[in-house]
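Visitor: One structure, as structure tokens, below. Some questions next.
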Amino acid sequence: MKSNRRKFLKILGGGTVLAAATAGTFLSTRTPEKALAPWEMAGNYKDVRKWALSYALLAPNPHNRQPWQVDLSIADQVTIYRDRSKDLPHTDPFERQLTIGMGCFLELLSMAASNVNHTVTYDLFPEGEDGPIAIAKFSQGAKADPLFDQVMQRRSCKEPFLDKPVPVELAKQLSDYGNVITDADQVAALKKLSWDAWMVEAQTPRAWKESIDLMRIGKAEINANPDGIDLGGPLMATLKLVGIMSRESQLDKESSGYKEGVKIYHNMLNATPAYCTITTASNSRVDQIEAGRKWIRLNLMTTALGLSLQPISQALQEYPEMAEHYTQAHQLLAQPGHTVQMFGRLGYGPSIARTPRWPLEAKIING
Ligand SMILES: Cc1cc2nc3c(=O)[nH]c(=O)nc-3n(C[C@H](O)[C@H](O)[C@H](O)COP(=O)(O)O)c2cc1C
């Protein structure tokens, strides 16, 4: 093992870590194929509901918890639930973000259906908050939604963006989909806010641990649980192998693994030329669903324009330690009394890998 370790890795002074180029076959086989299979299965179903669902499950959602569950037992209908066992009680105590993720799912479902000539109508929260999120009724006839063309390319880009402004023309086009912020002073203030809020989360043990517990480190963990925060690829495989990257190290503020993580996030959050938000006048469950429907459309449009988008939700989280930053986010980003539902970085990012998904079959609870 020791000689392997030497082959795999060079740790440079100062804690910067580089994977050695000599790592060979081991590293090139680190793709979690099984966890990515649902992307290949999209569009491979005969039943129109399953066909559309196979795309809907590619929706962005907090911590990639994929809380959707569907009942297909009634013809031409999908009853959609949110699986409460996927809740995030510390970082999303009021399930606001999880509800937004369900909104992204609903929008992708109807968008996909429109591409096979079906309209989906929703009855939202038909039994109140504790029942299904929606009953979706499928009927023949629809105009195909062109944003659907971007579904397979869409990502939440968790990378530093190029030092290149978002062109005024593109910002203008995007403003039909969300609020776009490119003003230098505002961008500087939001950069500081997003970093300060990230550090509050990192220093709030129960919130930090909630995210750490959902880390899937390396191929085997990602394939076994294709959700949560996937840390895959050759570099992560190597860091795991040598014991630098582990859930334990991330909980230890003195470890090189934690310090590397802080550096990576600091660089990433700083490399941001613009931001986007979705705000709502009130903050009902229906508003949250609508915010999710808007966010996915914004994300698909950024994809169409060659731009990258990443939600950054720390400042919007609703626990006491974050209250000051939550208030500041609202002062900077919303009219008095309105709610900032989504806050994200916008810019030119690299092309990145797909994130894992549970297969559709794991999400069908009936039918
Ligand atoms: C409501 C909501 C909040 C999110 N918050 C964050 C966040 O704070 N940081 C982040 O990196 N990604 C965030 N995401 C993005 C998810 O992590 C991402 O959608 C998920 O991992 C799946 O990846 P994909 O969007 O690239 O398919 C959020 C997504 C949603 C819908």
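By order of appearance in the structure tokens: chains A, B, ..., then residues from 1 within every chain, and ligands from 1 in the order shown.
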Could I get the residues of chain A with an atom no further than 7 Å from an atom of ligand 1, each paired with its nearest atom pair and that distance in Å to one decimal, using only C-alpha atoms and all ligand atoms, sorted by chain and residue number, as CSV?

Guide:
residue,atom,partner,partner_atom_place_in_ligand_line,distance
A:Leu58,CA,ligand 1,27 (O),6.0
A:Ala59,CA,ligand 1,27 (O),6.1
A:Pro60,CA,ligand 1,19 (O),3.2
A:Asn61,CA,ligand 1,31 (C),3.4
A:Pro62,CA,ligand 1,29 (C),4.0
A:His63,CA,ligand 1,17 (O),4.5
A:Asn64,CA,ligand 1,20 (C),4.1
A:Gln97,CA,ligand 1,1 (C),4.0
A:Leu98,CA,ligand 1,1 (C),6.0
A:Ile100,CA,ligand 1,1 (C),5.1
A:Gly101,CA,ligand 1,31 (C),4.2
A:Cys104,CA,ligand 1,31 (C),6.8
A:Arg154,CA,ligand 1,26 (O),6.8
A:Arg155,CA,ligand 1,26 (O),3.6
A:Ser156,CA,ligand 1,26 (O),3.8
A:Cys157,CA,ligand 1,26 (O),6.4
A:Lys158,CA,ligand 1,11 (O),5.5
A:Gly228,CA,ligand 1,21 (O),6.9
A:Ile229,CA,ligand 1,21 (O),6.3
A:Gly292,CA,ligand 1,31 (C),6.8
A:Gln310,CA,ligand 1,12 (N),5.9
A:Pro311,CA,ligand 1,6 (C),4.5
A:Ile312,CA,ligand 1,8 (O),3.7
A:Ser313,CA,ligand 1,8 (O),3.6
A:Gln314,CA,ligand 1,8 (O),5.6
A:Met342,CA,ligand 1,1 (C),6.6
A:Arg354,CA,ligand 1,26 (O),6.2
A:Thr355,CA,ligand 1,23 (O),5.2

Visitor: Skipping near chain neighbours, those fewer than 3 positions away, what residues fall within 12 Å of region 167-170 of chain A using only C-alpha atoms, listed as a list in words?

Guide: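 That gives Lys164, Gln173, Leu174, Ser175, Asp176, Tyr177, Val180, Ile181, Thr182, Asp183, Pro273, Ala274, Met301, Thr302, Thr303, Ala304, Leu305, Gly306, Leu307, Leu346, Gly347 and Tyr348 of chain A.
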
Visitor: Create the file for the chosen residues now, containing C-alpha atoms and written as a CSV table (one decimal), in the first residue's frame.

Guide:
chain,number,residue,atom,x,y,z
A,164,LYS,CA,-14.7,37.2,-17.6
A,173,GLN,CA,-31.9,37.8,-22.0
A,174,LEU,CA,-31.6,36.1,-18.7
A,175,SER,CA,-33.6,38.8,-16.9
A,176,ASP,CA,-36.8,37.3,-18.3
A,177,TYR,CA,-36.0,34.2,-16.2
A,180,VAL,CA,-29.4,39.1,-12.7
A,181,ILE,CA,-26.8,41.1,-10.8
A,182,THR,CA,-23.6,42.3,-12.6
A,183,ASP,CA,-23.0,45.7,-10.9
A,273,PRO,CA,-18.5,37.7,-12.0
A,274,ALA,CA,-22.3,37.8,-11.5
A,301,MET,CA,-31.5,29.1,-20.2
A,302,THR,CA,-28.0,29.8,-18.8
A,303,THR,CA,-27.0,26.4,-20.3
A,304,ALA,CA,-28.4,27.5,-23.7
A,305,LEU,CA,-26.4,30.7,-23.5
A,306,GLY,CA,-23.2,28.9,-22.7
A,307,LEU,CA,-23.2,30.2,-19.1
A,346,LEU,CA,-23.4,33.1,-12.6
A,347,GLY,CA,-20.5,33.1,-15.0
A,348,TYR,CA,-18.4,31.1,-17.4

Visitor: Of the residues A:Lys259, A:His118, A:Arg345, A:His338, which is the one nearest to Ala52 (chain A), using only C-alpha atoms?

Guide: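 Looking at the shortest contact to Ala52 (chain A), the residue is A:His118.
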
Visitor: Dump as a tab-separated table the rows for residues of region 139-172 of chain A within 6 Å of region 264-272 of chain A: closest atom pair and distance in Å with one decimal, only C-alpha atoms counted, ordered by chain and rising residue number.

Guide:
residue	atom	partner	partner_atom	distance
A:Glu159	CA	A:Met268	CA	5.6
A:Pro160	CA	A:Met268	CA	4.1
A:Phe161	CA	A:Ala271	CA	5.2

Visitor: Choose the residue, out of A:Ala188, A:Ile80, A:Arg30, A:Asn44, that has the smallest atom-to-atom separation from Ile364 (chain A); count only C-alpha atoms.

Guide: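 Under the stated criterion, the closest residue is A:Ile80.
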
Visitor: Set the distance at 8 Å and use only C-alpha atoms: which residues neighbour Asp123 (chain A) once local chain neighbours fewer than 3 positions away are removed? I'd like the list as a VMD selection string.

Guide: chain A and resid 126 134 to 136

Visitor: Write a file of the just-selected residues containing C-alpha atoms, as a PDB file, in the first residue's frame.

Guide:
ATOM      1  CA  PRO A 126     -54.445  18.607  -2.967  1.00  0.00           C
ATOM      2  CA  ALA A 134     -49.057  17.380  -6.569  1.00  0.00           C
ATOM      3  CA  ILE A 135     -51.364  15.323  -8.670  1.00  0.00           C
ATOM      4  CA  ALA A 136     -50.184  15.515 -12.274  1.00  0.00           C
TER       5      ALA A 136
END
